[in-house]
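K.L.:
Just one file: final_30.csv, with CSV, C-alpha atoms.
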```csv
chain,number,residue,atom,x,y,z
U,173,MET,CA,12.3,-30.4,6.8
U,174,MET,CA,13.9,-27.1,5.9
U,175,GLU,CA,11.3,-26.7,3.1
U,176,LEU,CA,8.5,-27.2,5.6
U,177,ILE,CA,10.0,-24.6,8.0
U,178,ARG,CA,10.3,-22.1,5.1
U,179,ILE,CA,6.6,-22.7,4.2
U,180,PHE,CA,5.6,-22.3,7.8
U,181,LEU,CA,7.6,-19.0,8.2
U,182,THR,CA,6.4,-17.5,4.9
U,183,PHE,CA,2.8,-18.1,5.8
U,184,PHE,CA,3.4,-17.0,9.4
U,185,LYS,CA,4.5,-13.7,7.9
U,186,ILE,CA,1.5,-13.5,5.6
U,187,GLY,CA,-0.7,-14.2,8.6
U,188,ALA,CA,0.9,-11.4,10.6
U,189,PHE,CA,0.3,-8.7,8.0
U,190,SER,CA,-3.1,-9.7,6.7
U,191,PHE,CA,-5.2,-6.7,7.7
U,192,GLY,CA,-8.4,-5.7,6.0
U,193,GLY,CA,-10.0,-9.0,4.9
U,194,GLY,CA,-9.5,-11.6,2.2
U,195,TYR,CA,-8.9,-9.6,-0.9
U,196,ALA,CA,-6.5,-7.2,0.8
U,197,VAL,CA,-4.1,-10.0,1.5
U,198,LEU,CA,-3.9,-11.0,-2.1
U,199,ALA,CA,-1.2,-8.4,-3.0
U,200,PHE,CA,0.8,-9.6,-0.1
U,201,ILE,CA,0.5,-13.3,-0.9
U,202,GLU,CA,1.3,-12.6,-4.6
U,203,LYS,CA,4.5,-10.7,-3.6
U,204,GLU,CA,5.6,-13.5,-1.3
U,205,ILE,CA,4.9,-16.7,-3.1
U,206,VAL,CA,4.6,-15.8,-6.8
U,207,SER,CA,7.0,-13.0,-7.6
U,208,GLY,CA,9.1,-13.6,-4.5
U,209,LYS,CA,9.7,-17.4,-4.0
U,210,GLY,CA,8.2,-18.6,-7.2
U,211,TRP,CA,6.2,-21.4,-5.5
U,212,LEU,CA,3.2,-20.7,-7.7
U,213,THR,CA,3.1,-19.3,-11.2
U,214,ALA,CA,0.9,-16.2,-11.9
U,215,GLU,CA,-1.7,-18.4,-13.5
U,216,GLU,CA,-1.8,-20.9,-10.6
U,217,PHE,CA,-2.2,-18.1,-8.1
U,218,ILE,CA,-5.2,-16.8,-10.0
U,219,ASP,CA,-6.6,-20.3,-10.2
U,220,VAL,CA,-6.3,-20.6,-6.4
U,221,VAL,CA,-8.1,-17.3,-6.0
U,222,ALA,CA,-10.9,-18.6,-8.2
U,223,ILE,CA,-11.0,-21.9,-6.3
U,224,SER,CA,-11.2,-20.0,-3.0
U,225,GLN,CA,-14.3,-18.3,-4.3
U,226,ILE,CA,-16.1,-21.5,-4.9
U,227,THR,CA,-14.9,-23.6,-1.9
U,228,PRO,CA,-15.3,-22.9,1.8
U,229,GLY,CA,-12.6,-21.2,3.8
U,230,PRO,CA,-10.8,-17.8,3.9
U,231,ILE,CA,-8.6,-17.0,0.9
U,232,ALA,CA,-5.4,-16.6,2.9
U,233,VAL,CA,-5.9,-20.1,4.4
U,234,ASN,CA,-6.8,-21.6,1.0
U,235,SER,CA,-3.8,-20.2,-0.7
U,236,SER,CA,-1.5,-21.3,2.1
U,237,THR,CA,-2.9,-24.9,1.8
U,238,TYR,CA,-2.5,-24.9,-2.0
U,239,ALA,CA,1.0,-23.5,-2.1
U,240,GLY,CA,2.1,-25.7,0.8
U,241,PHE,CA,0.7,-28.8,-1.0
U,242,LYS,CA,2.3,-28.0,-4.3
U,243,VAL,CA,5.8,-27.5,-2.7
U,244,ALA,CA,5.8,-30.3,-0.2
U,245,GLY,CA,2.6,-32.4,-0.4
U,246,VAL,CA,0.3,-33.0,2.6
U,247,ALA,CA,2.9,-32.0,5.1
U,248,GLY,CA,3.5,-28.7,3.2
U,249,ALA,CA,-0.3,-28.0,3.2
U,250,LEU,CA,-0.3,-28.5,7.0
U,251,ALA,CA,2.8,-26.3,7.5
U,252,GLY,CA,1.3,-23.5,5.4
U,253,THR,CA,-2.1,-23.7,7.0
U,254,ILE,CA,-0.8,-23.8,10.6
U,255,GLY,CA,1.6,-21.0,9.8
U,256,VAL,CA,-1.1,-18.6,8.5
U,257,THR,CA,-3.3,-19.4,11.5
U,258,MET,CA,-0.6,-19.2,14.2
U,259,VAL,CA,-0.4,-15.4,14.5
U,260,SER,CA,-4.2,-15.2,14.9
U,261,PHE,CA,-4.1,-17.8,17.6
U,262,ILE,CA,-1.3,-16.2,19.6
U,263,LEU,CA,-2.7,-12.6,19.3
U,264,ILE,CA,-6.4,-13.4,19.9
U,265,VAL,CA,-5.7,-15.7,22.9
U,266,THR,CA,-3.5,-13.1,24.4
U,267,VAL,CA,-6.1,-10.4,24.0
U,268,ALA,CA,-8.9,-12.6,25.2
U,269,SER,CA,-7.0,-13.5,28.3
U,270,LYS,CA,-5.5,-10.0,29.1
U,271,LEU,CA,-7.5,-7.2,27.8
U,272,GLU,CA,-11.2,-7.5,28.0
U,273,ASN,CA,-12.1,-4.2,26.3
U,274,MET,CA,-9.6,-3.9,23.5
U,275,LYS,CA,-12.1,-1.9,21.4
U,276,ASP,CA,-12.0,1.0,23.9
U,277,THR,CA,-8.4,1.8,23.0
U,278,SER,CA,-8.7,4.5,20.4
U,279,ALA,CA,-5.1,3.9,19.1
U,280,VAL,CA,-6.3,0.7,17.3
U,281,GLN,CA,-9.2,2.7,15.7
U,282,TRP,CA,-6.8,5.5,14.7
U,283,VAL,CA,-4.5,3.0,12.9
U,284,PHE,CA,-7.5,1.8,11.0
U,285,ILE,CA,-8.3,5.3,9.7
U,286,GLY,CA,-5.2,5.1,7.7
U,287,LEU,CA,-5.4,1.3,6.9
U,288,ARG,CA,-8.9,1.4,5.5
U,289,PRO,CA,-8.3,3.5,2.4
U,290,ALA,CA,-4.9,1.9,1.9
U,291,VAL,CA,-6.5,-1.5,1.8
U,292,ILE,CA,-8.7,-0.4,-1.1
U,293,GLY,CA,-5.5,0.6,-3.0
U,294,LEU,CA,-4.0,-2.8,-2.2
U,295,ILE,CA,-7.0,-4.7,-3.5
U,296,GLY,CA,-6.9,-2.5,-6.6
U,297,SER,CA,-3.3,-3.4,-7.2
U,298,ALA,CA,-4.2,-7.1,-6.7
U,299,ALA,CA,-6.9,-6.7,-9.4
U,300,TYR,CA,-4.3,-5.0,-11.7
U,301,THR,CA,-1.6,-7.6,-11.2
U,302,ILE,CA,-4.1,-10.4,-11.8
U,303,ALA,CA,-5.5,-8.7,-14.9
U,304,LYS,CA,-2.0,-8.4,-16.4
U,305,SER,CA,-1.5,-12.1,-16.4
U,306,ALA,CA,-5.1,-13.3,-16.7
U,307,ILE,CA,-6.2,-11.2,-19.7
U,308,VAL,CA,-4.2,-12.5,-22.7
U,309,ASP,CA,-6.6,-11.5,-25.6
U,310,VAL,CA,-9.8,-9.7,-26.5
U,311,LYS,CA,-11.9,-12.7,-25.3
U,312,GLY,CA,-10.3,-12.2,-21.9
U,313,ILE,CA,-11.3,-8.6,-21.8
U,314,LEU,CA,-14.9,-9.5,-22.6
U,315,VAL,CA,-15.0,-12.2,-19.9
U,316,ALA,CA,-13.5,-9.8,-17.3
U,317,LEU,CA,-16.1,-7.1,-18.2
U,318,PHE,CA,-18.8,-9.7,-18.0
U,319,ALA,CA,-17.6,-10.7,-14.5
U,320,PHE,CA,-17.2,-7.1,-13.3
U,321,LEU,CA,-20.7,-6.0,-14.5
U,322,SER,CA,-22.6,-9.1,-13.4
U,323,ILE,CA,-21.2,-8.6,-9.8
U,324,ALA,CA,-21.1,-4.8,-9.5
U,325,LYS,CA,-24.3,-4.1,-11.3
U,326,MET,CA,-26.5,-7.2,-11.4
U,327,LYS,CA,-25.4,-8.4,-8.0
U,328,TRP,CA,-25.0,-12.0,-9.1
U,329,HIS,CA,-23.3,-14.4,-6.7
U,330,PRO,CA,-19.5,-14.9,-7.4
U,331,ILE,CA,-19.9,-18.7,-7.5
U,332,LEU,CA,-22.4,-18.3,-10.4
U,333,VAL,CA,-20.1,-15.9,-12.2
U,334,ILE,CA,-17.1,-18.1,-11.9
U,335,ALA,CA,-19.1,-21.2,-13.1
U,336,LEU,CA,-20.4,-19.2,-16.1
U,337,SER,CA,-16.9,-17.9,-16.9
U,338,GLY,CA,-15.6,-21.4,-16.9
U,339,VAL,CA,-18.3,-22.4,-19.4
U,340,LEU,CA,-17.5,-19.3,-21.5
U,341,GLY,CA,-13.8,-20.4,-21.4
U,342,ILE,CA,-14.7,-23.8,-22.8
U,343,VAL,CA,-17.0,-22.3,-25.5
U,344,LEU,CA,-14.4,-19.6,-26.5
U,345,TYR,CA,-11.2,-21.6,-26.4
U,346,GLY,CA,-12.6,-25.1,-27.3
U,347,VAL,CA,-11.6,-28.5,-26.0
L,821,MET,CA,-23.7,-25.5,28.6
L,822,SER,CA,-21.2,-25.8,25.8
L,823,ASN,CA,-19.1,-28.9,25.4
L,824,LEU,CA,-16.0,-29.4,23.3
L,825,ARG,CA,-17.4,-32.0,21.0
L,826,GLU,CA,-20.5,-30.0,20.1
L,827,MET,CA,-18.4,-26.9,19.7
L,828,PHE,CA,-16.0,-28.8,17.3
L,829,PHE,CA,-18.8,-30.0,15.1
L,830,ILE,CA,-20.5,-26.6,15.0
L,831,PHE,CA,-17.3,-25.0,13.7
L,832,LEU,CA,-16.6,-28.0,11.4
L,833,ARG,CA,-20.0,-27.5,9.8
L,834,ILE,CA,-19.5,-23.8,9.4
L,835,GLY,CA,-16.1,-24.5,7.9
L,836,ALA,CA,-17.4,-27.0,5.5
L,837,LEU,CA,-20.6,-25.4,4.3
L,838,THR,CA,-19.9,-21.6,4.2
L,839,LEU,CA,-18.8,-20.5,0.8
L,840,GLY,CA,-17.5,-17.1,0.1
L,841,GLY,CA,-15.1,-16.4,3.0
L,842,GLY,CA,-15.2,-14.7,6.3
L,843,TYR,CA,-17.9,-12.2,6.0
L,844,VAL,CA,-20.4,-15.0,5.1
L,845,MET,CA,-19.2,-17.2,8.1
L,846,VAL,CA,-19.6,-14.6,10.8
L,847,PRO,CA,-23.4,-14.2,10.7
L,848,ILE,CA,-23.8,-18.0,10.7
L,849,MET,CA,-21.5,-18.3,13.8
L,850,GLU,CA,-23.6,-15.6,15.5
L,851,ASP,CA,-26.7,-17.6,14.7
L,852,GLU,CA,-25.3,-20.9,16.0
L,853,ILE,CA,-23.5,-19.6,19.1
L,854,VAL,CA,-25.5,-16.6,20.2
L,855,HIS,CA,-29.1,-17.2,19.1
L,856,LYS,CA,-29.5,-21.0,18.9
L,857,ARG,CA,-27.3,-22.1,21.8
L,858,LYS,CA,-27.0,-18.9,23.9
L,859,TRP,CA,-23.4,-19.7,24.8
L,860,ILE,CA,-22.4,-16.0,24.4
L,861,ASP,CA,-24.7,-13.0,24.5
L,862,GLU,CA,-25.2,-10.6,21.6
L,863,LYS,CA,-23.1,-7.8,23.2
L,864,GLU,CA,-20.1,-10.0,23.9
L,865,PHE,CA,-20.2,-11.3,20.3
L,866,ILE,CA,-20.1,-7.7,19.0
L,867,ASP,CA,-17.0,-7.0,21.2
L,868,ILE,CA,-15.4,-10.2,19.9
L,869,LEU,CA,-16.0,-9.1,16.3
L,870,ALA,CA,-14.4,-5.7,17.0
L,871,VAL,CA,-11.3,-7.4,18.2
L,872,ALA,CA,-11.3,-10.0,15.4
L,873,GLN,CA,-11.4,-7.2,12.8
L,874,SER,CA,-8.7,-5.1,14.5
L,875,PHE,CA,-6.1,-7.9,14.5
L,876,PRO,CA,-4.3,-9.4,11.5
L,877,GLY,CA,-5.7,-12.7,10.2
L,878,ALA,CA,-8.9,-13.9,8.6
L,879,ILE,CA,-11.9,-12.6,10.5
L,880,ALA,CA,-13.6,-16.0,10.6
L,881,ILE,CA,-10.5,-17.6,12.1
L,882,ASN,CA,-10.0,-14.8,14.6
L,883,THR,CA,-13.7,-15.0,15.7
L,884,SER,CA,-13.6,-18.7,16.1
L,885,ILE,CA,-10.5,-18.6,18.3
L,886,TYR,CA,-12.0,-15.9,20.5
L,887,VAL,CA,-15.3,-17.6,20.9
L,888,GLY,CA,-13.5,-20.9,21.6
L,889,TYR,CA,-11.4,-19.2,24.2
L,890,LYS,CA,-14.4,-17.5,25.9
L,891,LEU,CA,-16.1,-20.9,26.2
L,892,LYS,CA,-13.3,-23.3,27.1
L,893,LYS,CA,-10.0,-21.4,27.4
L,894,HIS,CA,-7.0,-22.6,25.3
L,895,VAL,CA,-8.4,-26.0,24.5
L,896,GLY,CA,-11.6,-24.3,23.3
L,897,ALA,CA,-9.7,-21.9,21.1
L,898,ILE,CA,-7.7,-24.8,19.5
L,899,VAL,CA,-10.9,-26.9,19.0
L,900,ALA,CA,-12.9,-24.1,17.4
L,901,CYS,CA,-10.1,-23.1,15.1
L,902,LEU,CA,-9.4,-26.7,14.1
L,903,GLY,CA,-13.0,-27.3,13.3
L,904,LEU,CA,-13.1,-24.2,11.1
L,905,ILE,CA,-9.9,-25.0,9.1
L,906,ILE,CA,-10.1,-28.7,8.7
L,907,PRO,CA,-12.7,-28.6,5.9
L,908,PRO,CA,-10.9,-26.1,3.7
L,909,LEU,CA,-7.6,-27.9,4.4
L,910,VAL,CA,-9.0,-31.1,3.1
L,911,ILE,CA,-10.9,-29.6,0.2
L,912,ILE,CA,-8.0,-27.4,-1.1
L,913,SER,CA,-5.5,-30.2,-0.7
L,914,GLY,CA,-7.8,-32.4,-2.8
L,915,ALA,CA,-8.2,-29.6,-5.4
L,916,ALA,CA,-4.5,-29.0,-5.5
L,917,ALA,CA,-3.9,-32.8,-6.1
L,918,LEU,CA,-6.5,-32.8,-8.9
L,919,ILE,CA,-5.2,-29.7,-10.6
L,920,LEU,CA,-1.5,-30.8,-10.5
L,921,GLU,CA,-2.7,-34.1,-12.0
L,922,TYR,CA,-5.2,-32.9,-14.7
L,923,GLY,CA,-4.2,-29.3,-15.1
L,924,GLN,CA,-2.7,-29.8,-18.5
L,925,GLU,CA,-5.9,-31.4,-20.1
L,926,PRO,CA,-7.2,-29.1,-22.8
L,927,LEU,CA,-10.7,-29.0,-21.3
L,928,VAL,CA,-9.3,-27.9,-17.9
L,929,GLN,CA,-7.0,-25.3,-19.6
L,930,SER,CA,-10.0,-23.7,-21.4
L,931,LEU,CA,-12.0,-23.8,-18.3
L,932,PHE,CA,-9.4,-21.8,-16.4
L,933,LYS,CA,-8.7,-19.5,-19.3
L,934,GLY,CA,-12.3,-18.4,-19.0
L,935,ILE,CA,-12.1,-18.2,-15.2
L,936,ARG,CA,-8.9,-16.2,-14.9
L,937,PRO,CA,-10.1,-12.9,-16.4
L,938,ALA,CA,-13.3,-13.3,-14.4
L,939,VAL,CA,-11.2,-13.2,-11.2
L,940,ALA,CA,-9.8,-9.9,-12.2
L,941,GLY,CA,-13.3,-8.6,-12.9
L,942,LEU,CA,-14.5,-10.0,-9.6
L,943,ILE,CA,-11.8,-8.2,-7.6
L,944,ALA,CA,-12.3,-5.0,-9.4
L,945,ALA,CA,-15.9,-5.2,-8.4
L,946,ALA,CA,-14.8,-5.6,-4.8
L,947,VAL,CA,-12.7,-2.4,-5.1
L,948,LEU,CA,-15.9,-0.5,-6.3
L,949,ARG,CA,-18.0,-2.0,-3.5
L,950,LEU,CA,-15.6,-1.2,-0.7
L,951,SER,CA,-15.0,2.3,-2.0
L,952,LYS,CA,-18.7,3.0,-1.7
L,953,ASN,CA,-18.5,2.4,2.1
L,954,LEU,CA,-15.6,4.9,2.5
L,955,ASP,CA,-16.1,8.6,3.0
L,956,LYS,CA,-15.2,10.6,-0.1
L,957,ASN,CA,-12.5,12.9,1.1
L,958,VAL,CA,-9.0,14.0,0.1
L,959,PHE,CA,-7.3,11.9,2.8
L,960,ASN,CA,-8.9,8.7,1.8
L,961,GLY,CA,-8.5,9.4,-1.9
L,962,ILE,CA,-4.7,10.1,-1.6
L,963,LEU,CA,-4.1,7.0,0.6
L,964,ALA,CA,-6.0,4.7,-1.7
L,965,VAL,CA,-4.4,6.0,-4.9
L,966,ALA,CA,-0.9,6.1,-3.3
L,967,SER,CA,-1.2,2.5,-2.0
L,968,PHE,CA,-2.3,1.4,-5.5
L,969,VAL,CA,0.6,3.1,-7.2
L,970,ILE,CA,3.2,2.0,-4.7
L,971,VAL,CA,2.3,-1.7,-4.8
L,972,GLY,CA,0.7,-2.1,-8.2
L,973,ILE,CA,2.9,0.1,-10.4
L,974,VAL,CA,6.1,0.7,-8.5
L,975,GLY,CA,6.1,-2.9,-7.1
L,976,LEU,CA,7.1,-2.3,-3.5
L,977,HIS,CA,6.1,-4.9,-0.9
L,978,PRO,CA,2.6,-4.4,0.5
L,979,VAL,CA,4.0,-4.4,4.0
L,980,ALA,CA,5.4,-0.9,3.3
L,981,VAL,CA,1.9,0.3,2.7
L,982,ILE,CA,0.3,-1.5,5.6
L,983,VAL,CA,2.8,-0.2,8.2
L,984,SER,CA,3.0,3.4,6.8
L,985,SER,CA,-0.8,3.9,6.3
L,986,GLY,CA,-1.4,2.7,9.8
L,987,CYS,CA,1.1,5.2,11.1
L,988,ILE,CA,-0.3,8.0,9.0
L,989,GLY,CA,-3.9,7.3,10.3
L,990,TYR,CA,-2.6,7.3,13.9
L,991,ALA,CA,-0.5,10.4,13.4
L,992,MET,CA,-3.3,12.3,11.8
L,993,MET,CA,-5.8,11.5,14.5
L,994,ARG,CA,-3.4,12.5,17.1
L,995,TRP,CA,-2.9,15.8,15.4
L,996,VAL,CA,-6.6,16.3,15.0
L,997,LYS,CA,-7.4,15.4,18.6
L,998,GLY,CA,-4.5,17.5,19.8
L,999,ASP,CA,-6.0,20.5,18.1
L,1000,GLU,CA,-9.3,20.0,20.0
L,1001,LYS,CA,-7.7,20.3,23.4
```
Could you render the structure as C-alpha cells?

P.N.:
Amino acid sequence: MMELIRIFLTFFKIGAFSFGGGYAVLAFIEKEIVSGKGWLTAEEFIDVVAISQITPGPIAVNSSTYAGFKVAGVAGALAGTIGVTMVSFILIVTVASKLENMKDTSAVQWVFIGLRPAVIGLIGSAAYTIAKSAIVDVKGILVALFAFLSIAKMKWHPILVIALSGVLGIVLYGV
Amino acid sequence: MSNLREMFFIFLRIGALTLGGGYVMVPIMEDEIVHKRKWIDEKEFIDILAVAQSFPGAIAINTSIYVGYKLKKHVGAIVACLGLIIPPLVIISGAAALILEYGQEPLVQSLFKGIRPAVAGLIAAAVLRLSKNLDKNVFNGILAVASFVIVGIVGLHPVAVIVSSGCIGYAMMRWVKGDEK
C-alpha cells in the first residue's frame, strides 16, 4: 500500500509541473523515476519514450502507467496514471467552474513568456541525457543521425522512423 | 444534445486511435465535438484550448476534462477523461508486461538497441522544430541555453527551471509594461 501511495504522489508531482507539452516533461520524469527513485533504468526509460511514440496516449501518462506497472503491477499502473491526471482534473474543473475567461489574465501569458524558451532547453537536456545512455557505439551515432535527419529534413512520421530504426537494430546487432 | 454514453465512447475512440500524443488528439476532438456534433461552438473550444495549454498536464487530458465539464459538469469531466486514458492505460500495461517477460530475448534487445539512439534523434528534431517557432532574440536564447545547462549539464531538478523561468517571464513583462505607463 505504501508503495502505491509513493507511486501516486510521485506522478501527482510530475503532473503538477508538466508545462509545455510531452517532450518538456521528459527531463522531469527522468529526474524523478530514473536518477531519483531508480524505478526504471535509463534504457527502460528510453524504451518507454519509444513505445509512447508508437502507441496512443500522452507521454506523461504512458510513462506513469509503465513505471507504475513495473513497480507494483496493475494496481501500480492505476496509481501512477490517476496520480498524473489528478492535478489536471482538480485545476481544470476549478477553472471551468469559477473563471470563465482565464485567458484574459495577462499574468498567465507573462509567465509563459519565460517558460516557452526554457522548455526548449529542457527538451534539449532530455535529448542529451537520452543520447548519453542510448548511443553506445558508432552504429548508434548513425541511427541517431538517420532519425534526426529523416524527421527534421524529410518530415517522415515518427512511427515510421522508429519502426525502421528497430529493423536497423536487428540488422546491425543481429539476433 | 450530448449524453454521457456517447461522450465516453467518443473520447475512448480518440484515446485508442490517435497516435502521436496531444497535439494530434486536439484537432480530432474539435472535429468530433465542435463540427460533427455541435456540442460546443468554435469560439468556446478555442477558449478551452487556451486554458488547457496554460495549465500543467497533458493538453489532450486537460481539453477532455474541460469539454466534459462544459457538457455535463463533474460527471462529464470524469467520463471524458476516463474515456481518453483507458486505452493508453490498457495498451501500456500490456506492453510493460510483454517487455518485462521477453525483454531479454536477443531479438528484442537488438530491436531496442536500434530504437534507443533514434529516440535521441527524434527529440533533438523536436528541439529544432520548436526553436523555429520562437522569436530569435537574446532573452529567448539565454533562457533556452541556461535551462539546458542547468538541467542537462549541472543536473539540477527541472522544477528549478520551470519555476524560475516563469518568474523571469512575469517580472520582465511587468518591467516592460511599467515602462510604457

K.L.:
Find the spatial neighbours of Val895 (chain L), counting only C-alpha atoms, within a cut-off of 12 Å - ignore same-chain residues fewer than 5 positions away - and output them as a list in words.

P.N.:
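After dropping sequence-adjacent residues, the list is Phe261 and Val265 of chain U; Asn823, Leu824, Arg825, Met827, Phe828, Ile885, Tyr886, Val887, Gly888, Tyr889, Lys890, Ala900, Cys901 and Leu902 of chain L.
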
K.L.:
Write a file of the selected residues as a PDB file, in the coordinates of the input, keeping C-alpha atoms.

P.N.:
```
ATOM      1  CA  PHE U 261      -4.100 -17.800  17.600  1.00  0.00           C
ATOM      2  CA  VAL U 265      -5.700 -15.700  22.900  1.00  0.00           C
TER       3      VAL U 265
ATOM      4  CA  ASN L 823     -19.100 -28.900  25.400  1.00  0.00           C
ATOM      5  CA  LEU L 824     -16.000 -29.400  23.300  1.00  0.00           C
ATOM      6  CA  ARG L 825     -17.400 -32.000  21.000  1.00  0.00           C
ATOM      7  CA  MET L 827     -18.400 -26.900  19.700  1.00  0.00           C
ATOM      8  CA  PHE L 828     -16.000 -28.800  17.300  1.00  0.00           C
ATOM      9  CA  ILE L 885     -10.500 -18.600  18.300  1.00  0.00           C
ATOM     10  CA  TYR L 886     -12.000 -15.900  20.500  1.00  0.00           C
ATOM     11  CA  VAL L 887     -15.300 -17.600  20.900  1.00  0.00           C
ATOM     12  CA  GLY L 888     -13.500 -20.900  21.600  1.00  0.00           C
ATOM     13  CA  TYR L 889     -11.400 -19.200  24.200  1.00  0.00           C
ATOM     14  CA  LYS L 890     -14.400 -17.500  25.900  1.00  0.00           C
ATOM     15  CA  ALA L 900     -12.900 -24.100  17.400  1.00  0.00           C
ATOM     16  CA  CYS L 901     -10.100 -23.100  15.100  1.00  0.00           C
ATOM     17  CA  LEU L 902      -9.400 -26.700  14.100  1.00  0.00           C
TER      18      LEU L 902
END
```

K.L.:
Find, counting all atoms listed in the file, the residue in L:Leu927, L:Ile866, L:Ile848, L:Ile912 that gets nearest to Leu344 (chain U).

P.N.:
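Smallest distance to Leu344 (chain U) is found for L:Leu927.
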
K.L.:
Using all atoms listed in the file for the distances, tell me which of U:Pro289, U:His329, U:Lys270, U:Gly245 is nearest to chain L.

P.N.:
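Ranked by minimum distance to chain L, first place goes to U:Pro289.
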
K.L.:
With only C-alpha atoms counted, which protein, DNA or RNA residues have an atom no more than 12 Å from (-17.1, -7.2, 14.2) in the file frame? Please answer as a PyMOL selection string.

P.N.:
(chain U and resi 193+275) or (chain L and resi 842-843+845-847+849-850+862-875+878-880+882-883+886)

K.L.:
Kindly indicate which residue among L:Ala991, L:Ile853, L:Ile898, L:Ile962 lies nearest to Met258 (chain U), using all atoms listed in the file for the distances.

P.N.:
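When distances to Met258 (chain U) are compared using all atoms listed in the file, the smallest one comes from L:Ile898.
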
K.L.:
Tell me, as a CSV table (one decimal) with C-alpha atoms, in the coordinates of the input, which residues lie within 9 Å of Thr237 (chain U), counting all atoms listed in the file; anything in the same chain fewer than 5 positions away does not count.

P.N.:
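Saved the output as part01.csv:
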```csv
chain,number,residue,atom,x,y,z
U,232,ALA,CA,-5.4,-16.6,2.9
U,242,LYS,CA,2.3,-28.0,-4.3
U,246,VAL,CA,0.3,-33.0,2.6
U,248,GLY,CA,3.5,-28.7,3.2
U,249,ALA,CA,-0.3,-28.0,3.2
U,250,LEU,CA,-0.3,-28.5,7.0
U,251,ALA,CA,2.8,-26.3,7.5
U,252,GLY,CA,1.3,-23.5,5.4
U,253,THR,CA,-2.1,-23.7,7.0
L,908,PRO,CA,-10.9,-26.1,3.7
L,909,LEU,CA,-7.6,-27.9,4.4
L,910,VAL,CA,-9.0,-31.1,3.1
L,912,ILE,CA,-8.0,-27.4,-1.1
L,913,SER,CA,-5.5,-30.2,-0.7
L,916,ALA,CA,-4.5,-29.0,-5.5
```

K.L.:
Using all atoms listed in the file, which residues sit within 12 Å of Val939 (chain L) once same-chain residues fewer than 5 positions away are excluded, as number ranges by chain?

P.N.:
U: 195, 198, 215, 217-226, 298-307, 312-313, 315-320, 323, 330-331, 333-335, 337-338; L: 932-934, 944-946

K.L.:
Taking only C-alpha atoms into account, name the residue in L:Gly975, L:Gly923, L:Gly941, L:Gly903 that is nearest to chain U.

P.N.:
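Checking each of L:Gly975, L:Gly923, L:Gly941, L:Gly903 against chain U, counting only C-alpha atoms, the winner is L:Gly941.
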
K.L.:
Might you pull out every residue within 7 Å of Ile988 (chain L), with all atoms listed in the file counted and same-chain residues fewer than 4 positions away left off, and present them as an NGL selection string?

P.N.:
(:U and (286)) or (:L and (984 or 992))

K.L.:
Quick one: residues within 9 Å of region 980-982 of chain L, all atoms listed in the file, excluding same-chain residues fewer than 2 positions away - as a PyMOL selection string?

P.N.:
(chain U and resi 189-191+286-287+290-291+294) or (chain L and resi 966-967+970-971+976-978+984-987)

K.L.:
Of the candidates U:Val283, U:Val343, U:Leu176, U:Leu321, which one gets nearest to chain L if we count only C-alpha atoms?

P.N.:
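Under the stated criterion, the closest residue is U:Val283.
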
K.L.:
Assuming the input is short of atoms at region 866-877 of chain L, produce N, CA and C atoms for that part as a PDB file, keeping the file's coordinate frame.

P.N.:
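Below is the file that was written, rebuild05.pdb:
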```pdb
ATOM      1  N   ILE L 866     -20.450  -8.947  19.702  1.00  0.00           N
ATOM      2  CA  ILE L 866     -20.100  -7.700  19.000  1.00  0.00           C
ATOM      3  C   ILE L 866     -18.681  -7.265  19.398  1.00  0.00           C
ATOM      4  N   ASP L 867     -18.388  -7.358  20.701  1.00  0.00           N
ATOM      5  CA  ASP L 867     -17.000  -7.000  21.200  1.00  0.00           C
ATOM      6  C   ASP L 867     -15.984  -7.939  20.563  1.00  0.00           C
ATOM      7  N   ILE L 868     -16.323  -9.229  20.484  1.00  0.00           N
ATOM      8  CA  ILE L 868     -15.400 -10.200  19.900  1.00  0.00           C
ATOM      9  C   ILE L 868     -15.117  -9.836  18.437  1.00  0.00           C
ATOM     10  N   LEU L 869     -16.177  -9.460  17.717  1.00  0.00           N
ATOM     11  CA  LEU L 869     -16.000  -9.100  16.300  1.00  0.00           C
ATOM     12  C   LEU L 869     -15.100  -7.879  16.157  1.00  0.00           C
ATOM     13  N   ALA L 870     -15.256  -6.893  17.073  1.00  0.00           N
ATOM     14  CA  ALA L 870     -14.400  -5.700  17.000  1.00  0.00           C
ATOM     15  C   ALA L 870     -12.949  -6.066  17.118  1.00  0.00           C
ATOM     16  N   VAL L 871     -12.642  -6.966  18.054  1.00  0.00           N
ATOM     17  CA  VAL L 871     -11.300  -7.400  18.200  1.00  0.00           C
ATOM     18  C   VAL L 871     -10.802  -8.222  17.001  1.00  0.00           C
ATOM     19  N   ALA L 872     -11.683  -9.134  16.528  1.00  0.00           N
ATOM     20  CA  ALA L 872     -11.300 -10.000  15.400  1.00  0.00           C
ATOM     21  C   ALA L 872     -10.978  -9.165  14.163  1.00  0.00           C
ATOM     22  N   GLN L 873     -11.660  -8.042  13.990  1.00  0.00           N
ATOM     23  CA  GLN L 873     -11.400  -7.200  12.800  1.00  0.00           C
ATOM     24  C   GLN L 873     -10.175  -6.321  12.982  1.00  0.00           C
ATOM     25  N   SER L 874      -9.826  -6.017  14.249  1.00  0.00           N
ATOM     26  CA  SER L 874      -8.700  -5.100  14.500  1.00  0.00           C
ATOM     27  C   SER L 874      -7.352  -5.810  14.444  1.00  0.00           C
ATOM     28  N   PHE L 875      -7.367  -7.139  14.443  1.00  0.00           N
ATOM     29  CA  PHE L 875      -6.100  -7.900  14.500  1.00  0.00           C
ATOM     30  C   PHE L 875      -5.843  -8.524  13.106  1.00  0.00           C
ATOM     31  N   PRO L 876      -4.567  -8.771  12.796  1.00  0.00           N
ATOM     32  CA  PRO L 876      -4.300  -9.400  11.500  1.00  0.00           C
ATOM     33  C   PRO L 876      -4.900 -10.836  11.522  1.00  0.00           C
ATOM     34  N   GLY L 877      -5.119 -11.360  10.334  1.00  0.00           N
ATOM     35  CA  GLY L 877      -5.700 -12.700  10.200  1.00  0.00           C
ATOM     36  C   GLY L 877      -7.084 -12.663   9.666  1.00  0.00           C
TER      37      GLY L 877
END
```
